[in-house]
Number of protein chains: 2
Amino acid sequence: MNIFKLCQTCSGTVLRRCIQTSSTRHVELTSVRYPDVKRGNYGSVRDSDLATFERLLPGRVLTDSLDGYNTDWLKTCRGASQVVLRPKSTEEVSAILKYCNEKKLAVVPQGGNTGLVGGSVSVFDEIVISTQLMNNIISLDEISGTLVCQAGCVLASLEDYLSNHKLTIPVDLGAKGSCHIGGNVATNAGGVRLLRYGSLHGNVLGLEAVLANGEVVDCLSTLRKDNTGYDLKQLFIGSEGTLGIITAVSLNCPQKPEAVSVAFLGCESFQSVLDIFKESRQKLGEVLSAFEFMDSQTMTVAKENLKLRSPIEDYPFYVLIETSGSNGSHDEEKLSQFLEHVMGTGIVQDGTVATEPTKIQNIWSMRERIAEGLMHDGYCYKYDVSLPLQSFYGLVEAMRERMGTMVTRVIGYGHVGDGNLHLNLTSPEYSTEVMDKIEPFLYDWVANHKGSISAEHGLGFKKKNFIYHSKSKSAVRLMKDIKHTFDPNMILNPYKVLPDF
Amino acid sequence: MNIFKLCQTCSGTVLRRCIQTSSTRHVELTSVRYPDVKRGNYGSVRDSDLATFERLLPGRVLTDSLDGYNTDWLKTCRGASQVVLRPKSTEEVSAILKYCNEKKLAVVPQGGNTGLVGGSVSVFDEIVISTQLMNNIISLDEISGTLVCQAGCVLASLEDYLSNHKLTIPVDLGAKGSCHIGGNVATNAGGVRLLRYGSLHGNVLGLEAVLANGEVVDCLSTLRKDNTGYDLKQLFIGSEGTLGIITAVSLNCPQKPEAVSVAFLGCESFQSVLDIFKESRQKLGEVLSAFEFMDSQTMTVAKENLKLRSPIEDYPFYVLIETSGSNGSHDEEKLSQFLEHVMGTGIVQDGTVATEPTKIQNIWSMRERIAEGLMHDGYCYKYDVSLPLQSFYGLVEAMRERMGTMVTRVIGYGHVGDGNLHLNLTSPEYSTEVMDKIEPFLYDWVANHKGSISAEHGLGFKKKNFIYHSKSKSAVRLMKDIKHTFDPNMILNPYKVLPDF
């Protein structure tokens, strides 16, 4: 059964409902697939613990039908949590953690459960603390564009809310229909707008987090500038729930663009993709809001697995450029001057431009639904790396040559503007042989070319042991010291991010 | 003797030369002015230490004429350092710190020494480690706009260098002629471009720092995205040299704008300033690159102390708006539509627009030289706070009422676009009575209005004990834990940032 076709509310994005209604019985338990990982010396949930949780969160302690909470979106990891807690407030999160810390019960924080590295589900029987019911907007200052909300707000809902106030949210990604803003911040989500608005390290003005011992760290500033001591909030951004549970965030929200245009272009080589990027930075300047690329194998996924039609003829490479600005006619003039130039010099072979919302959405769907399309092949070996642009596509070619017919396909797409490549390989089902052929070769290749083994997905469970490919020993040692300071009993999202202690 | 008039290379910005050539004998020793601060249990520099330093840094150990290194730019703090070390490389910084840590010799890192909170000079006899000779550009990637350089590069020099490659630097401030990029990062400098390009937390792609024990932490990534473990570099940004000495940085550099325009406007009330801001965000959108305000008392400083002429008639409030973009005619059209609107509705009473570089520079000088102009009054009580916009100017009015004739003047100016107010009071010389009237009243006012007691200047020596006005106890406790982890002997920039342990 193809769960995506059944989900009427999906509209090209991934909804939590998909997971909850799908069968997950065929996903191997993480503890079985990774037999070398041993359960830590944590307590196990007893009836007395459940009674306490029920007292703290009346009617919001789940112990049945937990498949959706135990299985990651990619269906590559499955935990064995027996209980899911659904707090509504920071105080409840604090009470839960204080109790768990005293009893040495391990927990896994979970937002929309759309993470791609096994970071948001349990590895063994950790208690799931879900932010599903923490979805209130706390305040909005329209003049400065500052939004404060609870961690469980769904990204797309925030975008809708802000849209009514002529504002927009500085982060956007394919999973926006189900991912939570708290999860976005905890994983330092990147997405397609980073090129324009910068990363969450710049856009998160403040946050509130609960430490393992239940202490609430209030850094929920709404100020754009605040240089009073170390910027602690930065540590929580991208720490994947291992230093504290983010309960509320304050975001700097830019003006909603008055006009948006999208161009979809075809070209002959990856060098042309880079040339188009350089020209777009110069000619589109401040209205350039996204620069994405796909190779022809990626387009095959869109056509074969998602039954989408390309808006242009077949080419080895495709580029999606988005402009957004405050004056539609100015933006269009910039875009046509740019297109005239790149078509005239022959860098671009063919292209189409969309200014209507529906057409824009159709083109974006082609890019954003690739992750979904890949899952139709069976198992997806998913990599998300940063590379200097001169080495960027070389990795796809190297992997294609190395893997040969061992895999169904090797595709490359992603955010060229951020040096961020999504490299994906698929096979009918998970194969240790395939995995051993990919890793650590791929990580070595990335490290040798001065890249990062995880650009925006994080390390989670699946990549934590490869951290030394991107970070020095002294840096990892400092991270471990910080983890020890924040969570001495190591109850927060164990087996994730940092290599074994 | 007015040192500013003598300094021919100043051109409206503040150069280190000014300090080094000026007399500083009249500045009271910090240890005398603040008798409650006690020297820590550190070693004192002996001849054997000097011999070791001379062996590590041949010819680059200074022990004479140290006034310029011992006195802060505001002439409000004076340390008693007996030795200044001038390393050229990260390895040399590492060797120095390893030695100092073993001998428990305290150090103060110093860049351009343009800080405004006494953070960059010693309090007692700490050893000054200057980055003056660490001024090499390491690499530039023109396609992605990534610059890597040593920490001692002067900000204006980097801007000049990048300008030749059609790029610019994402941080700009009045002291650019002498401040070092390492100091900018260590203090999380804000400045006038933050509104457009965001903070250094978003623009620093990587950095290298040396810990107190001499260990080099290499996080010098050139990648825009890297989610592999905790983002350690963020901790060093804004830690004011108390966690490590930054030796190199990697910066994301935007395209240099093709066109820049500046409008200088006069209006009747602070509410009009806010109305103009709201309109500018909507009508100028992505080309708005600065939004500054000054009150009439600030203009008096420019006229009386700097002999500058206002380009427009007298008004209670002035606004400086800068646009910068990739297409001059588009930007001018946006700006004139905006001006027509705000003049038409009567929010703006009068104004002038400049598009020529010299005229633009003249208008900017009026804003950027205020700090210099204030020093002509004698002593300057300098405050740099963030406030929600509805309370923004209320603080200036409250202080003016409170201080009456006790001070020469109370002025307010700053970055409205970032909610950042520069509030300054002057008197002929430092007065404990005046200080006691200002503090803690001012900090209480800011805290009661949910502001930050230091928006961009940091806490340094002068404001560290007021940290609880902006940060919670749990947050400060975590900061202290982090400090202890990074610098167990507390040799790095003691008596700064954090309240006494």
# chains A, B, ... in the order shown; residues from 1 in each chain; ligands from 1
>>> interface_residues(of="chain A", to="chain B", cutoff="7 Å", atoms="only C-alpha atoms", output="PyMOL selection string")
chain A and resi 143+198-199+201-202+217-218+223-231+234-235+238-239+278+283+285-286+325-326+330+386+418-419+452+454-459+467+470+472+474-475+479+481+485+497-498
>>> residues_around(residues="region 427-444 of chain A", least_positions_apart="5", cutoff="9 Å", atoms="only C-alpha atoms", output="ChimeraX atom specification")
/A:76,376-381,395,398-399,402-403,406-409,449,452-453,466,469-470
>>> atom_distance(atom1="CA of Leu74 (chain B)", atom2="CA of Val32 (chain B)")
17.1 Å
>>> select_by_dssp(residues="region 79-214 of chain B", states="alpha helix (DSSP H)", output="PyMOL selection string")
chain B and resi 90-103+155-163+181-186+194-197+200-203
>>> write_last_selection(atoms="C-alpha atoms", output="PDB file, in the first residue's frame")
ATOM      1  CA  THR B  90      48.130  30.484  16.007  1.00  0.00           C
ATOM      2  CA  GLU B  91      51.033  28.282  17.098  1.00  0.00           C
ATOM      3  CA  GLU B  92      52.601  31.217  18.908  1.00  0.00           C
ATOM      4  CA  VAL B  93      49.340  32.055  20.667  1.00  0.00           C
ATOM      5  CA  SER B  94      49.097  28.413  21.670  1.00  0.00           C
ATOM      6  CA  ALA B  95      52.638  28.368  23.071  1.00  0.00           C
ATOM      7  CA  ILE B  96      52.050  31.577  25.045  1.00  0.00           C
ATOM      8  CA  LEU B  97      48.795  30.356  26.572  1.00  0.00           C
ATOM      9  CA  LYS B  98      50.174  26.928  27.446  1.00  0.00           C
ATOM     10  CA  TYR B  99      52.988  28.631  29.338  1.00  0.00           C
ATOM     11  CA  CYS B 100      50.722  31.207  31.035  1.00  0.00           C
ATOM     12  CA  ASN B 101      48.257  28.525  32.065  1.00  0.00           C
ATOM     13  CA  GLU B 102      50.989  26.445  33.683  1.00  0.00           C
ATOM     14  CA  LYS B 103      52.364  29.499  35.523  1.00  0.00           C
ATOM     15  CA  LEU B 155      37.823  45.711   9.483  1.00  0.00           C
ATOM     16  CA  ALA B 156      38.231  48.542   6.981  1.00  0.00           C
ATOM     17  CA  SER B 157      41.169  46.750   5.328  1.00  0.00           C
ATOM     18  CA  LEU B 158      39.012  43.678   4.814  1.00  0.00           C
ATOM     19  CA  GLU B 159      36.274  45.831   3.323  1.00  0.00           C
ATOM     20  CA  ASP B 160      38.767  47.384   0.893  1.00  0.00           C
ATOM     21  CA  TYR B 161      40.142  43.983  -0.066  1.00  0.00           C
ATOM     22  CA  LEU B 162      36.688  42.511  -0.658  1.00  0.00           C
ATOM     23  CA  SER B 163      35.599  45.556  -2.612  1.00  0.00           C
ATOM     24  CA  ILE B 181      37.832  41.293  12.954  1.00  0.00           C
ATOM     25  CA  GLY B 182      38.806  38.941  15.782  1.00  0.00           C
ATOM     26  CA  GLY B 183      37.678  41.550  18.292  1.00  0.00           C
ATOM     27  CA  ASN B 184      34.476  42.100  16.330  1.00  0.00           C
ATOM     28  CA  VAL B 185      33.718  38.390  16.547  1.00  0.00           C
ATOM     29  CA  ALA B 186      34.818  38.076  20.187  1.00  0.00           C
ATOM     30  CA  LEU B 194      22.943  44.156  11.066  1.00  0.00           C
ATOM     31  CA  LEU B 195      19.471  45.128   9.881  1.00  0.00           C
ATOM     32  CA  ARG B 196      20.365  43.918   6.392  1.00  0.00           C
ATOM     33  CA  TYR B 197      22.837  41.090   6.824  1.00  0.00           C
ATOM     34  CA  LEU B 200      27.790  37.621  13.329  1.00  0.00           C
ATOM     35  CA  HIS B 201      26.164  34.492  14.740  1.00  0.00           C
ATOM     36  CA  GLY B 202      24.789  33.991  11.250  1.00  0.00           C
ATOM     37  CA  ASN B 203      27.708  35.368   9.234  1.00  0.00           C
TER      38      ASN B 203
END
>>> residues_around(residues="region 355-359 of chain B", least_positions_apart="3", cutoff="10 Å", atoms="only C-alpha atoms", output="number ranges by chain")
B: 259-263, 311, 322-323, 328, 332, 362-365
>>> select_by_dssp(residues="region 109-349 of chain A", states="strand (DSSP E or B)", output="short mmCIF file (atom, residue, chain, number, x, y, z; two decimals) with N, CA, C and O atoms, in the first residue's frame")
data_model
loop_
_atom_site.label_atom_id
_atom_site.label_comp_id
_atom_site.auth_asym_id
_atom_site.auth_seq_id
_atom_site.Cartn_x
_atom_site.Cartn_y
_atom_site.Cartn_z
N PRO A 109 13.11 13.50 22.95
CA PRO A 109 12.15 14.54 22.57
C PRO A 109 11.72 14.32 21.11
O PRO A 109 12.54 13.94 20.28
N GLN A 110 10.45 14.59 20.83
CA GLN A 110 9.97 14.37 19.46
C GLN A 110 9.05 15.50 19.03
O GLN A 110 8.11 15.85 19.74
N ILE A 127 11.68 7.02 26.82
CA ILE A 127 10.34 7.62 26.89
C ILE A 127 10.24 8.74 25.85
O ILE A 127 11.10 9.63 25.81
N VAL A 128 9.20 8.71 25.01
CA VAL A 128 9.01 9.78 24.03
C VAL A 128 8.31 10.97 24.71
O VAL A 128 7.26 10.80 25.33
N ILE A 129 8.92 12.16 24.60
CA ILE A 129 8.24 13.38 25.05
C ILE A 129 7.89 14.16 23.79
O ILE A 129 8.76 14.69 23.11
N SER A 130 6.62 14.16 23.48
CA SER A 130 6.16 14.77 22.23
C SER A 130 5.72 16.21 22.46
O SER A 130 5.09 16.52 23.47
N ILE A 137 0.67 30.04 19.80
CA ILE A 137 1.42 31.25 19.49
C ILE A 137 1.33 32.16 20.71
O ILE A 137 0.24 32.39 21.24
N ILE A 138 2.47 32.65 21.18
CA ILE A 138 2.50 33.42 22.42
C ILE A 138 2.38 34.93 22.13
O ILE A 138 1.63 35.63 22.79
N SER A 139 3.09 35.42 21.15
CA SER A 139 2.98 36.85 20.82
C SER A 139 3.54 37.14 19.43
O SER A 139 4.33 36.36 18.89
N LEU A 140 3.11 38.26 18.88
CA LEU A 140 3.67 38.73 17.61
C LEU A 140 3.80 40.25 17.70
O LEU A 140 2.84 40.94 18.02
N ASP A 141 5.00 40.76 17.42
CA ASP A 141 5.20 42.21 17.32
C ASP A 141 5.33 42.52 15.84
O ASP A 141 6.33 42.19 15.20
N THR A 146 8.65 40.13 15.24
CA THR A 146 9.12 39.11 16.19
C THR A 146 7.97 38.20 16.63
O THR A 146 6.98 38.67 17.20
N LEU A 147 8.12 36.92 16.37
CA LEU A 147 7.11 35.93 16.74
C LEU A 147 7.64 35.09 17.91
O LEU A 147 8.78 34.64 17.88
N VAL A 148 6.80 34.90 18.91
CA VAL A 148 7.15 33.99 20.01
C VAL A 148 6.08 32.90 20.04
O VAL A 148 4.88 33.19 20.01
N CYS A 149 6.51 31.65 20.08
CA CYS A 149 5.54 30.55 20.08
C CYS A 149 6.09 29.33 20.79
O CYS A 149 7.29 29.23 21.03
N GLN A 150 5.19 28.41 21.11
CA GLN A 150 5.62 27.16 21.72
C GLN A 150 6.31 26.27 20.67
O GLN A 150 6.12 26.45 19.46
N VAL A 154 3.42 23.78 14.18
CA VAL A 154 3.82 23.23 12.88
C VAL A 154 4.29 24.38 11.98
O VAL A 154 3.67 25.45 11.95
N LEU A 167 3.96 39.05 7.04
CA LEU A 167 5.29 38.58 7.42
C LEU A 167 5.47 37.15 6.93
O LEU A 167 4.51 36.49 6.52
N ASP A 172 12.19 27.29 5.57
CA ASP A 172 11.19 26.62 4.74
C ASP A 172 11.79 25.30 4.27
O ASP A 172 12.93 25.26 3.82
N HIS A 180 7.82 20.45 13.44
CA HIS A 180 7.55 21.45 14.48
C HIS A 180 8.71 22.44 14.53
O HIS A 180 9.86 22.06 14.34
N GLY A 191 17.10 24.13 4.80
CA GLY A 191 16.00 24.34 3.87
C GLY A 191 16.33 25.32 2.76
O GLY A 191 17.46 25.74 2.58
N VAL A 204 16.95 32.89 15.13
CA VAL A 204 16.34 32.62 16.43
C VAL A 204 16.79 33.71 17.39
O VAL A 204 17.98 33.84 17.69
N LEU A 205 15.86 34.53 17.85
CA LEU A 205 16.21 35.62 18.76
C LEU A 205 16.30 35.15 20.21
O LEU A 205 16.99 35.74 21.02
N GLY A 206 15.56 34.12 20.50
CA GLY A 206 15.57 33.62 21.87
C GLY A 206 14.93 32.25 21.93
O GLY A 206 14.25 31.83 20.98
N LEU A 207 15.19 31.56 23.01
CA LEU A 207 14.49 30.30 23.23
C LEU A 207 14.43 29.97 24.71
O LEU A 207 15.17 30.51 25.52
N GLU A 208 13.52 29.09 24.99
CA GLU A 208 13.38 28.58 26.35
C GLU A 208 13.61 27.08 26.26
O GLU A 208 13.09 26.42 25.35
N ALA A 209 14.40 26.55 27.18
CA ALA A 209 14.67 25.12 27.16
C ALA A 209 14.64 24.58 28.57
O ALA A 209 14.90 25.30 29.54
N VAL A 210 14.32 23.30 28.67
CA VAL A 210 14.34 22.65 29.98
C VAL A 210 15.51 21.69 30.02
O VAL A 210 15.68 20.87 29.11
N VAL A 216 14.45 25.24 34.16
CA VAL A 216 14.06 25.97 32.95
C VAL A 216 15.10 27.05 32.66
O VAL A 216 15.39 27.88 33.53
N VAL A 217 15.67 27.04 31.47
CA VAL A 217 16.60 28.09 31.06
C VAL A 217 15.83 29.06 30.18
O VAL A 217 15.44 28.72 29.07
N ASP A 218 15.62 30.26 30.73
CA ASP A 218 14.81 31.24 30.00
C ASP A 218 15.72 32.19 29.23
O ASP A 218 16.29 33.11 29.79
N CYS A 219 15.86 31.95 27.94
CA CYS A 219 16.60 32.86 27.06
C CYS A 219 15.64 33.32 25.97
O CYS A 219 16.01 33.46 24.81
N ILE A 245 15.40 20.24 26.34
CA ILE A 245 14.22 20.19 25.46
C ILE A 245 13.74 21.61 25.24
O ILE A 245 13.39 22.32 26.20
N ILE A 246 13.73 22.03 23.98
CA ILE A 246 13.28 23.38 23.64
C ILE A 246 11.76 23.43 23.78
O ILE A 246 11.05 22.60 23.21
N THR A 247 11.28 24.40 24.56
CA THR A 247 9.83 24.48 24.80
C THR A 247 9.18 25.70 24.13
O THR A 247 7.99 25.70 23.90
N ALA A 248 9.98 26.73 23.84
CA ALA A 248 9.43 27.90 23.15
C ALA A 248 10.56 28.61 22.41
O ALA A 248 11.73 28.50 22.79
N VAL A 249 10.20 29.29 21.33
CA VAL A 249 11.21 30.01 20.56
C VAL A 249 10.69 31.40 20.19
O VAL A 249 9.48 31.64 20.13
N SER A 250 11.65 32.29 19.95
CA SER A 250 11.35 33.64 19.49
C SER A 250 12.10 33.81 18.17
O SER A 250 13.30 33.58 18.10
N LEU A 251 11.36 34.20 17.13
CA LEU A 251 11.95 34.23 15.79
C LEU A 251 11.87 35.61 15.16
O LEU A 251 10.86 36.31 15.30
N ASN A 252 12.90 35.97 14.44
CA ASN A 252 12.91 37.18 13.63
C ASN A 252 12.24 36.86 12.30
O ASN A 252 12.74 36.04 11.53
N GLN A 255 9.66 40.53 6.26
CA GLN A 255 8.47 40.93 5.52
C GLN A 255 8.11 39.85 4.50
O GLN A 255 8.99 39.28 3.87
N ALA A 259 6.04 39.84 -4.24
CA ALA A 259 6.05 39.12 -5.52
C ALA A 259 7.07 37.99 -5.46
O ALA A 259 8.14 38.16 -4.90
N VAL A 260 6.69 36.86 -6.03
CA VAL A 260 7.60 35.71 -6.12
C VAL A 260 7.59 35.20 -7.55
O VAL A 260 6.54 35.11 -8.18
N SER A 261 8.76 34.90 -8.10
CA SER A 261 8.86 34.27 -9.42
C SER A 261 9.79 33.07 -9.31
O SER A 261 10.70 33.06 -8.49
N VAL A 262 9.53 32.09 -10.17
CA VAL A 262 10.40 30.91 -10.21
C VAL A 262 10.79 30.64 -11.65
O VAL A 262 9.95 30.70 -12.55
N ALA A 263 12.07 30.38 -11.86
CA ALA A 263 12.55 29.96 -13.18
C ALA A 263 13.08 28.54 -13.06
O ALA A 263 13.77 28.21 -12.08
N PHE A 264 12.73 27.70 -14.03
CA PHE A 264 13.23 26.32 -14.06
C PHE A 264 14.02 26.16 -15.35
O PHE A 264 13.48 26.32 -16.44
N LEU A 265 15.32 25.88 -15.21
CA LEU A 265 16.22 25.93 -16.36
C LEU A 265 16.91 24.59 -16.60
O LEU A 265 17.15 23.84 -15.65
N GLY A 266 17.23 24.34 -17.86
CA GLY A 266 17.98 23.12 -18.18
C GLY A 266 19.35 23.49 -18.72
O GLY A 266 19.50 24.48 -19.44
N CYS A 267 20.37 22.68 -18.35
CA CYS A 267 21.72 22.97 -18.87
C CYS A 267 22.52 21.68 -19.03
O CYS A 267 22.10 20.61 -18.59
N LEU A 288 17.34 37.33 -5.06
CA LEU A 288 17.55 35.88 -5.20
C LEU A 288 17.17 35.21 -3.88
O LEU A 288 17.75 35.51 -2.84
N SER A 289 16.18 34.31 -3.91
CA SER A 289 15.77 33.71 -2.64
C SER A 289 15.99 32.20 -2.60
O SER A 289 15.89 31.59 -1.54
N ALA A 290 16.25 31.57 -3.72
CA ALA A 290 16.60 30.14 -3.70
C ALA A 290 17.36 29.80 -4.98
O ALA A 290 17.08 30.36 -6.05
N PHE A 291 18.30 28.88 -4.85
CA PHE A 291 19.03 28.38 -6.01
C PHE A 291 19.24 26.89 -5.78
O PHE A 291 20.09 26.48 -5.01
N GLU A 292 18.43 26.08 -6.46
CA GLU A 292 18.45 24.63 -6.27
C GLU A 292 18.86 23.94 -7.57
O GLU A 292 18.63 24.47 -8.65
N PHE A 293 19.45 22.75 -7.44
CA PHE A 293 19.75 22.00 -8.67
C PHE A 293 19.31 20.55 -8.51
O PHE A 293 19.14 20.04 -7.40
N MET A 294 19.06 19.91 -9.66
CA MET A 294 18.75 18.48 -9.71
C MET A 294 19.51 17.90 -10.90
O MET A 294 19.64 18.57 -11.93
N ASP A 295 19.95 16.65 -10.79
CA ASP A 295 20.53 16.03 -11.98
C ASP A 295 19.45 15.23 -12.71
O ASP A 295 18.31 15.12 -12.23
N PHE A 317 21.23 18.49 -16.44
CA PHE A 317 21.08 19.19 -15.15
C PHE A 317 19.95 20.22 -15.22
O PHE A 317 19.70 20.80 -16.29
N TYR A 318 19.32 20.42 -14.06
CA TYR A 318 18.24 21.40 -13.96
C TYR A 318 18.54 22.36 -12.80
O TYR A 318 19.10 21.96 -11.78
N VAL A 319 18.11 23.60 -13.00
CA VAL A 319 18.29 24.60 -11.95
C VAL A 319 16.94 25.25 -11.65
O VAL A 319 16.19 25.57 -12.58
N LEU A 320 16.64 25.39 -10.37
CA LEU A 320 15.43 26.11 -9.96
C LEU A 320 15.88 27.38 -9.26
O LEU A 320 16.60 27.34 -8.27
N ILE A 321 15.46 28.51 -9.81
CA ILE A 321 15.80 29.80 -9.21
C ILE A 321 14.53 30.49 -8.76
O ILE A 321 13.56 30.57 -9.51
N GLU A 322 14.54 30.98 -7.52
CA GLU A 322 13.39 31.74 -7.04
C GLU A 322 13.83 33.16 -6.73
O GLU A 322 14.89 33.38 -6.14
N THR A 323 13.01 34.13 -7.16
CA THR A 323 13.23 35.50 -6.71
C THR A 323 12.03 35.91 -5.86
O THR A 323 10.91 35.46 -6.10
N SER A 324 12.28 36.72 -4.85
CA SER A 324 11.14 37.28 -4.11
C SER A 324 11.54 38.66 -3.63
O SER A 324 12.66 38.88 -3.20
N GLY A 325 10.59 39.57 -3.74
CA GLY A 325 10.92 40.95 -3.39
C GLY A 325 9.70 41.80 -3.14
O GLY A 325 8.57 41.30 -3.13
#
>>> atom_distance(atom1="CA of Trp445 (chain A)", atom2="CA of Gly394 (chain A)")
9.7 Å
